[in-house]
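Enquirer: Handing you a structure now.
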Amino acid sequence: MSHEDYYVKDDFTLVEKFDKDNVVVAKLDDLINWGRAGSPWFFQFGLACCAIEMMAAAGPRHDLERFGMMPRATPRQADVMIVAGTVTLKMADIVKRLFEQMADPKYVISMGSCSNSGGPYWQHGYHVLKGVDIVVPVDVYIPGCPPRPEALIQGILELQKKIKLDTPLRKKV
Amino acid sequence: MLDKIIDIINKKFKDSVLHNENSNYILIENPSNWKLIADYLIQNSNLKFDYLMSLSGYDLTNDKVGVAYNFYSTKLKHYLEVRIEIDSNVEIPSVAEIWRTANWHEREAYDLVGLKFSNHPDMKRILLPEDWDGHPLKKDYETPEFYNGMPVPKDKSYWE
């Protein structure tokens with residue numbers, strides 16, 4: 001499956017499209033989701049070695065910007081939080097507070113074994129949180145130690161699919 | 001080389017350092033004049049240990065603790081390891097004023113092993129949160145169940 005297929009096929013369902021006047025008729029839900037999925041700005045912070053892979057993914061070779069992912073250095077402008085690295089207990093409170101400072105709608109990608117489950121520290125570490133999902137709700141888990149940029153991109157595409165299923169104008173059940 | 005260094009120190013501080021034939025370090029069991037010895041290590045023209053490479057604390061159990069200093073002389077190109085082994089309630093004079101490296105290293109030794117250093121300029125935890133209970137690298141340390149409401153050991157109920 002090429003990138004084009006993946007990205008375009010499950011875009012919003014057109015009710016009608018008028019080529020001549022540049023007008024489309026669609027559900028507003030779909031239109032909003034299309035906009036949100038097309039520009040999930042991510043929160044620029046890293047905790048450990050996964051952050052290096054995240055930087056590589058954001059760099060020119062893998063280029064996250066083609067998914068509309070722009071790194072933002074403040075939680076108030078970010079939509080997606082990529083928890084890249086070992087979450088220590090000292091950092092867990094800060095991760096939680098940063099997540100609470102993000103504006104809705106907000107999403108969390110847990111990148112790497114450490115933030116998924118504690119990773120190598122899962123049993124005997126006294127200082128590592130055993131999975132970042134204990135403190136923040138996680139949308140996408142990416143396995144790997146650390147995951148390659150391709151894996152991160154796969155996770156981002158999964159997140160985009162999830163965003164497109166959202167119903168921003170209707171009450172959430 | 002080590003024998004020569006020990007001779008120089010023992011000439012000045014009458015038998016305050018011990019040395020076992022088979023070991024490559026010198027041992028101090030009474031740290032009361034450690035600050036003076038440390039000053040001598042860096043000042044003496046035949047020692048000149050101007051570089052503190054590492055400072056590590058360790059737990060010997062039975063209420064005994066130790067601290068190891070690894071020195072190097074960038075001028076005379078020789079090494080020295082000094083160990084202080086004492087009861088855990090005895091304070092070790094801080095050498096942070098002599099080697100600036102010791103400042104953070106002593107804080108780390110306090111943080112993880114619970115060593116006590118006297119006259120340290122800024123003695124507080126360096127790695128763990130300020131409100132952490134206990135010193136995790138002590139042999140008798142037990143991992144707490146919770147920290148700030150977060151489970152510390154792996155809680156299986158999250159999986160099942």
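Every chain in the structure tokens has a letter given in the order shown (A, B, ...), and although residue numbers restart at 1 in each chain, ligands are simply numbered from 1 in the order shown.
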With only C-alpha atoms considered, list every residue of chain A at most 12 Å from chain B, as an MDAnalysis selection string.
Expert: chainID A and resid 87:94 96 116:119 121:136
Enquirer: Rounded to one decimal in Å, what is the spacing between CA of Asp111 in chain B and CA of Pro93 in chain B?
Expert: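 So the two atoms, CA of Asp111 in chain B and CA of Pro93 in chain B, lie 16.5 Å apart.
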Enquirer: Let me make sure I understand: among A:Leu169, A:Ile163, A:Val138, A:Ile153, which one has the smallest atom-to-atom distance to Ala37 in chain A if we use only C-alpha atoms?
Expert: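 Checking each of A:Leu169, A:Ile163, A:Val138, A:Ile153 against Ala37 in chain A, counting only C-alpha atoms, the winner is A:Ile163.
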Enquirer: I'd like the neighbourhood of Leu165 in chain A as a PDB file with N, CA and C atoms, in the first residue's frame, where a residue qualifies if any of its atoms comes within 8 Å (using only C-alpha atoms), though same-chain residues fewer than 3 positions away should be ignored.
Expert:
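The resulting file, around_31.pdb, is reproduced below:
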ATOM      1  N   ASN A  33     -12.471  16.677  11.515  1.00  0.00           N
ATOM      2  CA  ASN A  33     -11.529  15.584  11.735  1.00  0.00           C
ATOM      3  C   ASN A  33     -10.422  15.581  10.698  1.00  0.00           C
ATOM      4  N   LYS A 161      -5.854   7.782  11.973  1.00  0.00           N
ATOM      5  CA  LYS A 161      -7.077   7.000  11.757  1.00  0.00           C
ATOM      6  C   LYS A 161      -8.024   7.170  12.941  1.00  0.00           C
ATOM      7  N   LYS A 162      -7.432   7.179  14.138  1.00  0.00           N
ATOM      8  CA  LYS A 162      -8.260   7.309  15.340  1.00  0.00           C
ATOM      9  C   LYS A 162      -8.909   8.694  15.399  1.00  0.00           C
TER      10      LYS A 162
END
